[in-house]
file coords.txt (compact mmCIF, C-alpha atoms)
# COMPACT_ATOMS: atom_id res chain seq x y z
CA MET A 104 0.00 0.00 0.00
CA ARG A 105 2.88 2.33 0.83
CA LEU A 106 4.48 1.74 -2.57
CA HIS A 107 1.16 2.30 -4.33
CA SER A 108 0.74 5.59 -2.48
CA GLN A 109 4.25 6.58 -3.44
CA MET A 110 3.53 5.85 -7.08
CA LEU A 111 0.30 7.82 -7.02
CA SER A 112 2.40 10.81 -6.06
CA VAL A 113 4.82 9.85 -8.82
CA GLY A 114 2.02 10.46 -11.31
CA TRP A 115 1.90 14.09 -10.15
CA VAL A 116 5.69 14.28 -10.35
CA VAL A 117 5.57 13.00 -13.93
CA VAL A 118 2.95 15.57 -14.90
CA THR A 119 4.93 18.31 -13.20
CA VAL A 120 8.14 17.33 -14.99
CA ILE A 121 6.42 17.28 -18.38
CA PHE A 122 4.68 20.63 -17.98
CA ALA A 123 7.64 22.31 -16.32
CA SER A 124 9.86 21.15 -19.18
CA SER A 125 7.33 22.35 -21.72
CA ALA A 126 7.19 25.77 -20.08
CA ALA A 127 10.98 25.99 -19.97
CA PHE A 128 11.25 25.25 -23.68
CA GLY A 129 8.27 27.39 -24.73
CA GLN A 130 6.42 25.77 -27.60
CA GLN A 131 9.25 23.35 -28.45
CA ALA A 132 8.06 19.76 -28.03
CA LEU A 133 10.27 17.28 -26.24
CA SER A 134 11.00 13.89 -27.81
CA ILE A 135 9.52 10.75 -26.33
CA ASP A 136 13.04 9.59 -25.50
CA ARG A 137 13.70 12.70 -23.40
CA LEU A 138 10.35 12.43 -21.66
CA THR A 139 10.62 8.76 -20.72
CA ASN A 140 14.36 8.11 -20.43
CA GLY A 141 15.48 11.41 -18.96
CA PRO A 142 16.99 11.26 -15.47
CA ARG A 143 14.11 13.18 -13.86
CA MET A 144 11.58 10.67 -15.13
CA ARG A 145 13.69 7.72 -14.02
CA VAL A 146 14.20 9.23 -10.57
CA ALA A 147 10.43 9.59 -10.25
CA PHE A 148 9.98 5.84 -10.85
CA GLU A 149 12.82 4.70 -8.61
CA PRO A 150 10.46 3.37 -5.88
CA ALA A 151 8.97 0.90 -8.37
CA VAL A 152 12.27 -0.93 -8.90
CA GLN A 153 13.60 -1.03 -5.34
CA ALA A 154 12.16 -4.44 -4.48
CA VAL A 155 13.10 -6.26 -7.68
CA ARG A 156 16.52 -4.71 -8.31
CA PRO A 157 18.38 -7.19 -6.00
CA SER A 158 17.20 -9.99 -8.31
CA VAL A 159 18.43 -8.38 -11.56
CA VAL A 160 21.78 -9.57 -12.91
CA ARG A 161 24.02 -9.07 -15.92
CA VAL A 162 24.74 -11.99 -18.22
CA LEU A 163 28.30 -11.98 -19.58
CA MET A 164 29.68 -14.06 -22.44
CA GLU A 165 33.47 -14.10 -22.52
CA ASN A 166 33.30 -11.19 -20.03
CA LYS A 167 31.19 -9.06 -22.40
CA PRO A 168 27.68 -7.96 -21.29
CA VAL A 169 25.15 -9.52 -23.67
CA ALA A 170 21.88 -9.45 -21.72
CA LEU A 171 20.18 -8.87 -18.39
CA GLY A 172 18.71 -11.69 -16.35
CA LEU A 173 16.37 -12.24 -13.44
CA ILE A 174 16.96 -14.56 -10.48
CA VAL A 175 13.68 -16.47 -10.16
CA SER A 176 14.37 -18.84 -7.26
CA ALA A 177 16.19 -18.83 -3.95
CA GLU A 178 18.38 -21.65 -5.32
CA GLY A 179 19.89 -19.37 -7.97
CA LEU A 180 17.83 -20.12 -11.10
CA VAL A 181 18.19 -17.27 -13.61
CA ILE A 182 16.03 -16.53 -16.65
CA SER A 183 17.30 -14.48 -19.59
CA LYS A 184 17.24 -14.01 -23.39
CA ALA A 185 18.53 -17.05 -25.27
CA SER A 186 19.56 -15.83 -28.72
CA GLU A 187 22.37 -13.65 -27.37
CA ILE A 188 23.94 -16.72 -25.75
CA ASP A 189 26.23 -19.40 -27.19
CA PRO A 190 26.80 -22.19 -24.63
CA LEU A 191 30.17 -23.00 -26.23
CA HIS A 192 31.48 -19.74 -24.75
CA GLN A 193 32.16 -18.93 -21.11
CA ILE A 194 28.97 -17.58 -19.52
CA THR A 195 28.95 -15.87 -16.15
CA ILE A 196 26.36 -14.07 -14.06
CA GLN A 197 27.40 -10.75 -12.54
CA HIS A 198 25.66 -9.37 -9.46
CA GLY A 199 27.23 -6.28 -7.94
CA ARG A 200 30.96 -6.89 -7.74
CA ASP A 201 30.61 -10.67 -7.70
CA SER A 202 30.27 -13.11 -10.56
CA TRP A 203 29.55 -16.81 -10.89
CA PRO A 204 29.91 -19.33 -13.71
CA VAL A 205 26.59 -20.91 -14.69
CA ARG A 206 25.29 -23.89 -16.59
CA VAL A 207 22.33 -23.90 -18.95
CA VAL A 208 19.47 -26.01 -17.55
CA GLY A 209 16.62 -25.14 -19.93
CA TRP A 210 15.69 -23.49 -23.20
CA SER A 211 12.35 -22.26 -24.53
CA GLU A 212 13.00 -21.65 -28.22
CA PRO A 213 9.52 -20.26 -29.06
CA ASN A 214 9.92 -17.56 -26.40
CA ASP A 215 13.69 -17.09 -26.84
CA LEU A 216 14.25 -17.75 -23.13
CA VAL A 217 17.12 -19.56 -21.43
CA LEU A 218 17.46 -20.75 -17.83
CA PHE A 219 20.80 -20.78 -16.01
CA GLN A 220 21.71 -22.37 -12.71
CA MET A 221 24.14 -20.66 -10.34
CA SER A 222 25.99 -22.50 -7.59
CA LYS A 223 25.10 -19.84 -5.00
CA SER A 224 21.75 -20.04 -3.21
CA GLY A 225 19.90 -17.91 -0.69
CA TRP A 226 18.62 -15.32 -3.17
CA PRO A 227 15.53 -13.16 -2.58
CA VAL A 228 12.54 -14.25 -4.65
CA PRO A 229 10.91 -11.45 -6.68
CA THR A 230 7.19 -10.69 -6.65
CA TRP A 231 5.24 -11.49 -9.82
CA SER A 232 2.01 -9.85 -10.85
CA THR A 233 -0.90 -12.27 -10.70
CA GLY A 234 -3.42 -9.97 -12.36
CA GLU A 235 -4.20 -9.20 -15.97
CA ASP A 236 -1.68 -7.93 -18.49
CA PRO A 237 -0.85 -4.24 -18.21
CA GLY A 238 -3.20 -2.33 -20.50
CA VAL A 239 -2.37 -0.02 -23.36
CA GLY A 240 -1.17 3.31 -21.98
CA GLN A 241 -0.03 1.91 -18.61
CA PHE A 242 3.51 2.53 -17.41
CA LEU A 243 6.21 -0.13 -17.67
CA ILE A 244 9.48 0.35 -15.81
CA THR A 245 12.67 -1.57 -16.63
CA PRO A 246 14.99 -2.16 -13.65
CA GLY A 247 18.71 -2.55 -14.21
CA VAL A 248 21.53 -3.30 -11.82
CA GLU A 249 21.90 0.36 -10.83
CA LYS A 250 19.72 2.40 -8.49
CA LEU A 251 17.72 4.18 -11.20
CA PRO A 252 15.51 2.34 -13.71
CA LEU A 253 17.05 1.76 -17.11
CA ALA A 254 13.96 2.99 -18.93
CA VAL A 255 10.37 4.06 -18.48
CA GLY A 256 7.73 3.58 -21.14
CA VAL A 257 4.10 2.76 -21.73
CA VAL A 258 2.34 -0.21 -23.27
CA SER A 259 1.63 0.58 -26.91
CA VAL A 260 0.14 -2.71 -28.19
CA ALA A 261 -1.60 -5.43 -26.15
CA ARG A 262 -0.48 -9.05 -26.25
CA ARG A 263 -0.35 -10.53 -29.73
CA THR A 264 1.61 -12.95 -31.88
CA ILE A 265 4.78 -11.46 -33.39
CA GLU A 266 5.28 -13.21 -36.71
CA GLN A 267 8.74 -14.35 -37.69
CA GLY A 268 10.51 -11.73 -39.79
CA GLU A 269 12.03 -13.37 -42.85
CA VAL A 270 13.56 -10.29 -44.47
CA ARG A 271 17.35 -10.11 -44.27
CA GLY A 272 19.78 -7.40 -45.21
CA ILE A 273 21.30 -7.21 -48.67
CA LEU A 274 24.87 -6.17 -49.56
CA GLY A 275 24.12 -6.24 -53.29
CA VAL A 276 27.16 -7.96 -54.77
CA GLN A 277 27.65 -10.88 -57.12
CA LEU A 278 30.61 -13.05 -56.23
CA VAL A 279 32.98 -14.94 -58.51
CA ARG A 280 31.56 -18.47 -58.60
CA GLU A 281 34.82 -20.11 -59.64
CA SER A 282 36.68 -18.74 -56.62
CA ASP A 283 36.75 -20.26 -53.15
CA GLU A 284 37.18 -16.75 -51.76
CA ALA A 285 34.60 -13.94 -51.44
CA VAL A 286 35.69 -11.95 -54.50
CA VAL A 287 33.33 -9.31 -55.93
CA GLU A 288 32.48 -9.87 -59.61
CA ASN A 289 29.64 -7.34 -59.98
CA MET A 290 27.46 -4.95 -57.97
CA PHE A 291 23.86 -3.85 -58.31
CA ASP A 292 22.63 -0.31 -58.81
CA GLY A 293 21.69 1.42 -55.57
CA SER A 294 23.26 -1.34 -53.47
CA ALA A 295 24.90 -1.07 -50.07
CA ALA A 296 28.14 -2.24 -51.68
CA ILE A 297 28.30 0.72 -54.09
CA ALA A 298 27.42 3.18 -51.32
CA ALA A 299 30.21 1.71 -49.16
CA GLY A 300 32.81 2.11 -51.92
CA ILE A 301 33.34 -1.56 -52.73
CA GLN A 302 34.86 -2.18 -56.16
CA ILE A 303 34.88 -5.10 -58.59
CA GLY A 304 37.78 -7.39 -57.76
CA ASP A 305 37.70 -6.62 -54.02
CA ARG A 306 38.09 -9.61 -51.75
CA ILE A 307 35.93 -9.39 -48.61
CA LEU A 308 37.85 -10.74 -45.63
CA LYS A 309 35.65 -9.92 -42.63
CA VAL A 310 32.15 -8.86 -41.66
CA GLY A 311 32.59 -7.14 -38.32
CA SER A 312 34.83 -9.43 -36.29
CA VAL A 313 33.83 -12.55 -38.27
CA THR A 314 36.34 -13.83 -40.81
CA VAL A 315 34.76 -14.93 -44.10
CA GLY A 316 37.11 -17.23 -45.94
CA SER A 317 34.73 -18.24 -48.71
CA ARG A 318 31.76 -16.94 -50.72
CA GLN A 319 29.39 -19.20 -48.76
CA GLU A 320 30.67 -17.87 -45.44
CA LEU A 321 30.05 -14.30 -46.65
CA ILE A 322 26.51 -15.18 -47.77
CA ARG A 323 25.80 -16.81 -44.43
CA GLU A 324 27.22 -13.94 -42.37
CA ILE A 325 25.38 -11.20 -44.28
CA ALA A 326 22.17 -13.22 -43.82
CA ARG A 327 22.54 -12.81 -40.06
CA HIS A 328 21.90 -9.07 -40.37
CA LEU A 329 18.74 -7.09 -41.06
CA PRO A 330 17.95 -4.27 -43.50
CA GLY A 331 19.16 -0.93 -42.19
CA GLU A 332 21.95 -2.48 -40.14
CA THR A 333 25.48 -1.17 -40.71
CA VAL A 334 28.21 -3.80 -40.90
CA VAL A 335 31.94 -3.06 -41.04
CA LEU A 336 33.66 -4.87 -43.89
CA GLU A 337 37.38 -5.58 -44.11
CA VAL A 338 38.31 -5.62 -47.78
CA ARG A 339 41.52 -6.53 -49.61
CA ARG A 340 42.12 -4.41 -52.73
CA GLU A 341 45.36 -5.14 -54.57
CA GLN A 342 47.97 -4.68 -51.84
CA LYS A 343 45.82 -2.60 -49.49
CA THR A 344 43.43 -3.56 -46.68
CA LEU A 345 40.43 -1.25 -46.38
CA ILE A 346 37.76 -0.85 -43.70
CA LEU A 347 34.38 -0.01 -45.27
CA PRO A 348 31.10 0.43 -43.33
CA ALA A 349 28.10 -0.77 -45.35
CA THR A 350 24.45 -0.15 -44.45
CA LEU A 351 22.51 -3.17 -45.73
CA THR A 352 19.48 -2.53 -47.89
CA HIS A 353 16.01 -4.06 -48.04
CA PRO A 354 15.58 -6.77 -50.71
CA PHE A 355 12.39 -5.13 -51.97
CA GLY A 356 13.57 -1.65 -52.78
CA THR A 357 15.01 1.69 -51.75
CA PHE A 358 11.90 2.94 -49.96
CA LEU A 359 11.82 0.02 -47.54
CA SER A 360 15.58 0.34 -47.08
CA ARG A 361 15.11 3.92 -45.86
CA ILE A 362 12.38 2.81 -43.46
CA ALA A 363 14.63 0.05 -42.10
CA GLN A 364 17.49 2.50 -41.59
CA GLN A 365 15.24 5.03 -39.83
CA ASN A 366 14.05 2.26 -37.51
CA ARG A 367 17.64 1.74 -36.35
CA LEU A 368 18.59 5.35 -35.70
CA GLY A 369 18.31 4.87 -31.94
CA GLY A 370 20.74 1.94 -31.94
CA GLU A 371 21.01 -1.75 -32.72
CA ILE A 372 18.06 -4.13 -32.78
CA SER A 373 18.14 -7.47 -30.96
CA ARG A 374 19.61 -10.47 -32.74
CA ARG A 375 16.17 -12.07 -32.58
CA ALA A 376 13.37 -9.52 -32.60
CA SER A 377 10.39 -11.46 -33.98
CA GLY A 378 8.77 -14.88 -34.04
CA PHE A 379 7.18 -14.87 -30.56
CA PRO A 380 3.89 -16.70 -29.87
CA VAL A 381 2.86 -14.01 -27.37
CA ALA A 382 4.39 -10.61 -26.65
CA ILE A 383 3.39 -7.15 -25.44
CA GLN A 384 4.84 -4.12 -27.20
CA HIS A 385 5.94 -1.00 -25.33
CA ASP A 386 7.87 2.14 -26.19
CA SER A 387 10.73 1.89 -23.67
CA VAL A 388 14.06 2.55 -25.36
CA LEU A 389 16.31 -0.42 -24.59
CA LYS A 390 19.61 -1.65 -25.97
CA PRO A 391 19.81 -5.34 -27.00
CA GLU A 392 22.07 -6.06 -24.01
CA GLU A 393 19.40 -4.54 -21.72
CA CYS A 394 16.86 -7.20 -22.71
CA GLY A 395 16.40 -10.47 -20.84
CA GLY A 396 15.50 -8.80 -17.54
CA PRO A 397 12.16 -7.88 -15.96
CA ALA A 398 9.65 -5.11 -16.56
CA VAL A 399 7.52 -3.98 -13.61
CA ASN A 400 4.34 -1.99 -13.11
CA ILE A 401 4.13 1.09 -10.88
CA ASP A 402 3.48 -1.16 -7.86
CA GLY A 403 6.85 -2.87 -8.40
CA GLN A 404 5.34 -6.19 -9.51
CA ILE A 405 7.00 -8.06 -12.36
CA VAL A 406 4.66 -8.12 -15.36
CA GLY A 407 7.02 -9.79 -17.84
CA ILE A 408 10.51 -10.24 -19.25
CA ASN A 409 11.82 -7.79 -21.86
CA ILE A 410 12.71 -10.09 -24.74
CA ALA A 411 13.76 -7.82 -27.63
CA ARG A 412 14.37 -4.38 -28.98
CA SER A 413 12.53 -4.56 -32.29
CA GLY A 414 12.61 -0.92 -33.44
CA ARG A 415 13.66 2.63 -32.64
CA THR A 416 10.98 2.97 -29.94
CA GLU A 417 9.62 -0.59 -29.97
CA SER A 418 10.45 -3.15 -27.31
CA LEU A 419 8.78 -6.51 -26.76
CA MET A 420 7.95 -8.19 -23.45
CA ILE A 421 6.92 -11.79 -22.76
CA PRO A 422 4.05 -11.51 -20.21
CA THR A 423 4.18 -13.05 -16.76
CA SER A 424 1.63 -15.79 -17.50
CA VAL A 425 3.89 -17.18 -20.25
CA ILE A 426 7.00 -16.89 -18.06
CA GLN A 427 5.28 -18.92 -15.34
CA GLU A 428 4.43 -21.64 -17.88
CA VAL A 429 8.08 -21.81 -18.93
CA LEU A 430 9.24 -22.04 -15.31
CA GLN A 431 6.72 -24.80 -14.62
CA SER A 432 7.98 -26.72 -17.67
CA GLN A 433 11.51 -26.41 -16.32
CA ARG A 434 10.41 -27.76 -12.93
CA ASN A 435 8.74 -30.68 -14.70
CA GLY A 436 11.89 -31.42 -16.69
CA LYS A 437 10.21 -30.66 -20.03
CA LEU A 438 12.53 -27.95 -21.37
CA PRO A 439 15.12 -29.18 -23.90
CA PRO A 440 18.83 -28.40 -23.71
CA MET A 441 20.03 -25.36 -25.61
CA PRO A 442 21.94 -26.00 -28.84
CA THR A 443 24.97 -24.01 -29.92
CA LEU A 444 24.37 -21.20 -32.38
CA SER A 445 23.91 -22.79 -35.81
CA PRO A 446 24.69 -21.22 -39.20
CA ILE A 447 21.75 -19.36 -40.69
CA THR A 448 20.59 -20.75 -44.03
CA PRO A 449 20.71 -17.98 -46.64
CA PRO A 450 17.34 -16.85 -48.00
CA PRO A 451 16.38 -17.82 -51.57
CA PRO A 452 17.73 -15.40 -54.21
CA HIS A 453 15.60 -12.43 -55.19
CA PRO A 454 15.57 -11.47 -58.89
CA ALA A 455 16.85 -7.95 -58.14
CA THR A 456 19.70 -9.05 -55.88
CA SER A 457 21.09 -12.25 -57.39
CA LEU A 458 22.48 -14.37 -54.56
CA GLY A 459 21.01 -12.10 -51.86
CA GLN A 460 24.53 -11.29 -50.73
call {"tool": "encode", "arguments": {"input": "coords.txt", "output": "structure tokens"}}
result
Amino acid sequence: MRLHSQMLSVGWVVVTVIFASSAAFGQQALSIDRLTNGPRMRVAFEPAVQAVRPSVVRVLMENKPVALGLIVSAEGLVISKASEIDPLHQITIQHGRDSWPVRVVGWSEPNDLVLFQMSKSGWPVPTWSTGEDPGVGQFLITPGVEKLPLAVGVVSVARRTIEQGEVRGILGVQLVRESDEAVVENMFDGSAAIAAGIQIGDRILKVGSVTVGSRQELIREIARHLPGETVVLEVRREQKTLILPATLTHPFGTFLSRIAQQNRLGGEISRRASGFPVAIQHDSVLKPEECGGPAVNIDGQIVGINIARSGRTESLMIPTSVIQEVLQSQRNGKLPPMPTLSPITPPPPHPATSLGQ
């Protein structure tokens, strides 16, 4: 009751912040990002995350933060986002200044959820909402490992199925078929390759940090990325090595390529951002590595797990009822083990883009 009373007053604080800011800037409108992710807004919602914050952890892969997680049992069971994880790599859970190695004990592929087990026990158990889904327009607060919330937003679309997105980014090159290496033979008008400065005869060595030793490896690696995403290519041209950023295009034209690029202006989108049986959309601005942890209502109750950043101001949350079903399946021993990350099969060629490379 005390927290609810605090949050009722928060509503007045929020209104005050918005109108005070509007007055200070005259008629200039503030962006949604500044209204919801500004420090004053996050301070106002700090009471909502106090109870759950001790259960929020960082998930590290090879010591690099890749996701958030939530401790869901006193015995040290942790739930997080699966597609950012490769079990072949070293995975640790970081809580405060301490960290623990973990083992994967369950995987829910439809919901992109993974369950880890820590060796340490005695953890506080968070409080889950047992009511209905948060409605459109209601606040959602994302706790992190720090005192202030990571983000504040509102529900924009009620629970629905998020269909699997099949569109993948296009570099727009044709490769020499007779070569075992990724050597450019031709490029298509308006392609990402031309915009990046790639030339015929260039040999593509890397996409980001991934070495591509053959044409098939290049096709496979480009297929991992979405339209509008910028990849950094390492290219060998005669005796020189060049670094060329390339913003991948949409396979169905320039107009959709511009839309895809606009959708990424606020940062990267999650590795998997679609194909969920049930999800709730909200407008909190999260980074991919800030997904996998909880979202709470203004009473501090967990209403779901943030599963993906799917657009500039679009984040997806798996609701509590689905999370509880996954946890029950794990208790019943019905969740399968998690496979290692497998190569992505390239999409079929499109007439305008040849191999779809």
call {"tool": "closest_residue", "arguments": {"input": "coords.txt", "among": "A:Val255, A:Ile307, A:Met420, A:Ile297", "to": "Glu320 of chain A", "atoms": "all atoms listed in the file"}}
result
A:Ile307
call {"tool": "axis_aligned_box", "arguments": {"input": "coords.txt", "around": "segment 259-267 of chain A", "padding_each_side": "6 Å", "output": "lines of an AutoDock Vina configuration file"}}
result
center_x = 3.6
center_y = -6.9
center_z = -31.9
size_x = 22.3
size_y = 26.9
size_z = 23.5
call {"tool": "closest_residue", "arguments": {"input": "coords.txt", "among": "A:Gly209, A:Gly331, A:Pro380, A:Glu288", "to": "Lys437 of chain A", "atoms": "only C-alpha atoms"}}
result
A:Gly209
call {"tool": "residues_around", "arguments": {"input": "coords.txt", "residues": "segment 154-156 of chain A", "least_positions_apart": "6", "cutoff": "10 Å", "atoms": "all atoms listed in the file", "output": "list in words"}}
result
Leu173, Ile174, Pro227, Val228, Pro229, Thr230, Trp231, Thr245, Pro246, Gly247, Val248, Glu249, Lys250, Leu251, Pro252, Pro397, Ala398, Val399, Asp402, Gly403, Gln404 and Ile405 of chain A
call {"tool": "write_last_selection", "arguments": {"input": "coords.txt", "atoms": "C-alpha atoms", "output": "short mmCIF file (atom, residue, chain, number, x, y, z; two decimals), in the frame of the given file"}}
result
data_model
loop_
_atom_site.label_atom_id
_atom_site.label_comp_id
_atom_site.auth_asym_id
_atom_site.auth_seq_id
_atom_site.Cartn_x
_atom_site.Cartn_y
_atom_site.Cartn_z
CA LEU A 173 16.37 -12.24 -13.44
CA ILE A 174 16.96 -14.56 -10.48
CA PRO A 227 15.53 -13.16 -2.58
CA VAL A 228 12.54 -14.25 -4.65
CA PRO A 229 10.91 -11.45 -6.68
CA THR A 230 7.19 -10.69 -6.65
CA TRP A 231 5.24 -11.49 -9.82
CA THR A 245 12.67 -1.57 -16.63
CA PRO A 246 14.99 -2.16 -13.65
CA GLY A 247 18.71 -2.55 -14.21
CA VAL A 248 21.53 -3.30 -11.82
CA GLU A 249 21.90 0.36 -10.83
CA LYS A 250 19.72 2.40 -8.49
CA LEU A 251 17.72 4.18 -11.20
CA PRO A 252 15.51 2.34 -13.71
CA PRO A 397 12.16 -7.88 -15.96
CA ALA A 398 9.65 -5.11 -16.56
CA VAL A 399 7.52 -3.98 -13.61
CA ASP A 402 3.48 -1.16 -7.86
CA GLY A 403 6.85 -2.87 -8.40
CA GLN A 404 5.34 -6.19 -9.51
CA ILE A 405 7.00 -8.06 -12.36
#
call {"tool": "atom_distance", "arguments": {"input": "coords.txt", "atom1": "atom CA of Ile303 of chain A", "atom2": "atom CA of Val315 of chain A"}}
result
17.5 Å
call {"tool": "build_atoms", "arguments": {"input": "coords.txt", "residues": "segment 339-353 of chain A", "atoms": "N, CA and C atoms", "output": "PDB file, in the coordinates of the input"}}
result
ATOM      1  N   ARG A 339      40.171  -6.537 -49.027  1.00  0.00           N
ATOM      2  CA  ARG A 339      41.520  -6.530 -49.610  1.00  0.00           C
ATOM      3  C   ARG A 339      41.425  -6.060 -51.053  1.00  0.00           C
ATOM      4  N   ARG A 340      42.117  -4.965 -51.372  1.00  0.00           N
ATOM      5  CA  ARG A 340      42.120  -4.410 -52.730  1.00  0.00           C
ATOM      6  C   ARG A 340      43.570  -4.247 -53.166  1.00  0.00           C
ATOM      7  N   GLU A 341      43.962  -5.083 -54.143  1.00  0.00           N
ATOM      8  CA  GLU A 341      45.360  -5.140 -54.570  1.00  0.00           C
ATOM      9  C   GLU A 341      46.242  -5.399 -53.359  1.00  0.00           C
ATOM     10  N   GLN A 342      47.081  -4.461 -52.989  1.00  0.00           N
ATOM     11  CA  GLN A 342      47.970  -4.680 -51.840  1.00  0.00           C
ATOM     12  C   GLN A 342      47.524  -3.943 -50.592  1.00  0.00           C
ATOM     13  N   LYS A 343      46.302  -3.385 -50.624  1.00  0.00           N
ATOM     14  CA  LYS A 343      45.820  -2.600 -49.490  1.00  0.00           C
ATOM     15  C   LYS A 343      44.666  -3.305 -48.787  1.00  0.00           C
ATOM     16  N   THR A 344      44.567  -3.090 -47.468  1.00  0.00           N
ATOM     17  CA  THR A 344      43.430  -3.560 -46.680  1.00  0.00           C
ATOM     18  C   THR A 344      42.600  -2.344 -46.286  1.00  0.00           C
ATOM     19  N   LEU A 345      41.323  -2.378 -46.623  1.00  0.00           N
ATOM     20  CA  LEU A 345      40.430  -1.250 -46.380  1.00  0.00           C
ATOM     21  C   LEU A 345      39.343  -1.644 -45.378  1.00  0.00           C
ATOM     22  N   ILE A 346      38.885  -0.674 -44.610  1.00  0.00           N
ATOM     23  CA  ILE A 346      37.760  -0.850 -43.700  1.00  0.00           C
ATOM     24  C   ILE A 346      36.602  -0.019 -44.226  1.00  0.00           C
ATOM     25  N   LEU A 347      35.501  -0.693 -44.616  1.00  0.00           N
ATOM     26  CA  LEU A 347      34.380  -0.010 -45.270  1.00  0.00           C
ATOM     27  C   LEU A 347      33.069  -0.329 -44.560  1.00  0.00           C
ATOM     28  N   PRO A 348      32.439   0.661 -43.905  1.00  0.00           N
ATOM     29  CA  PRO A 348      31.100   0.430 -43.330  1.00  0.00           C
ATOM     30  C   PRO A 348      30.061   0.354 -44.453  1.00  0.00           C
ATOM     31  N   ALA A 349      29.152  -0.605 -44.351  1.00  0.00           N
ATOM     32  CA  ALA A 349      28.100  -0.770 -45.350  1.00  0.00           C
ATOM     33  C   ALA A 349      26.755  -0.919 -44.652  1.00  0.00           C
ATOM     34  N   THR A 350      25.796  -0.067 -45.011  1.00  0.00           N
ATOM     35  CA  THR A 350      24.450  -0.150 -44.450  1.00  0.00           C
ATOM     36  C   THR A 350      23.599  -1.011 -45.379  1.00  0.00           C
ATOM     37  N   LEU A 351      23.212  -2.188 -44.896  1.00  0.00           N
ATOM     38  CA  LEU A 351      22.510  -3.170 -45.730  1.00  0.00           C
ATOM     39  C   LEU A 351      21.150  -2.648 -46.152  1.00  0.00           C
ATOM     40  N   THR A 352      20.740  -3.006 -47.346  1.00  0.00           N
ATOM     41  CA  THR A 352      19.480  -2.530 -47.890  1.00  0.00           C
ATOM     42  C   THR A 352      18.386  -3.587 -47.757  1.00  0.00           C
ATOM     43  N   HIS A 353      17.170  -3.166 -48.049  1.00  0.00           N
ATOM     44  CA  HIS A 353      16.010  -4.060 -48.040  1.00  0.00           C
ATOM     45  C   HIS A 353      15.926  -4.764 -49.399  1.00  0.00           C
TER      46      HIS A 353
END
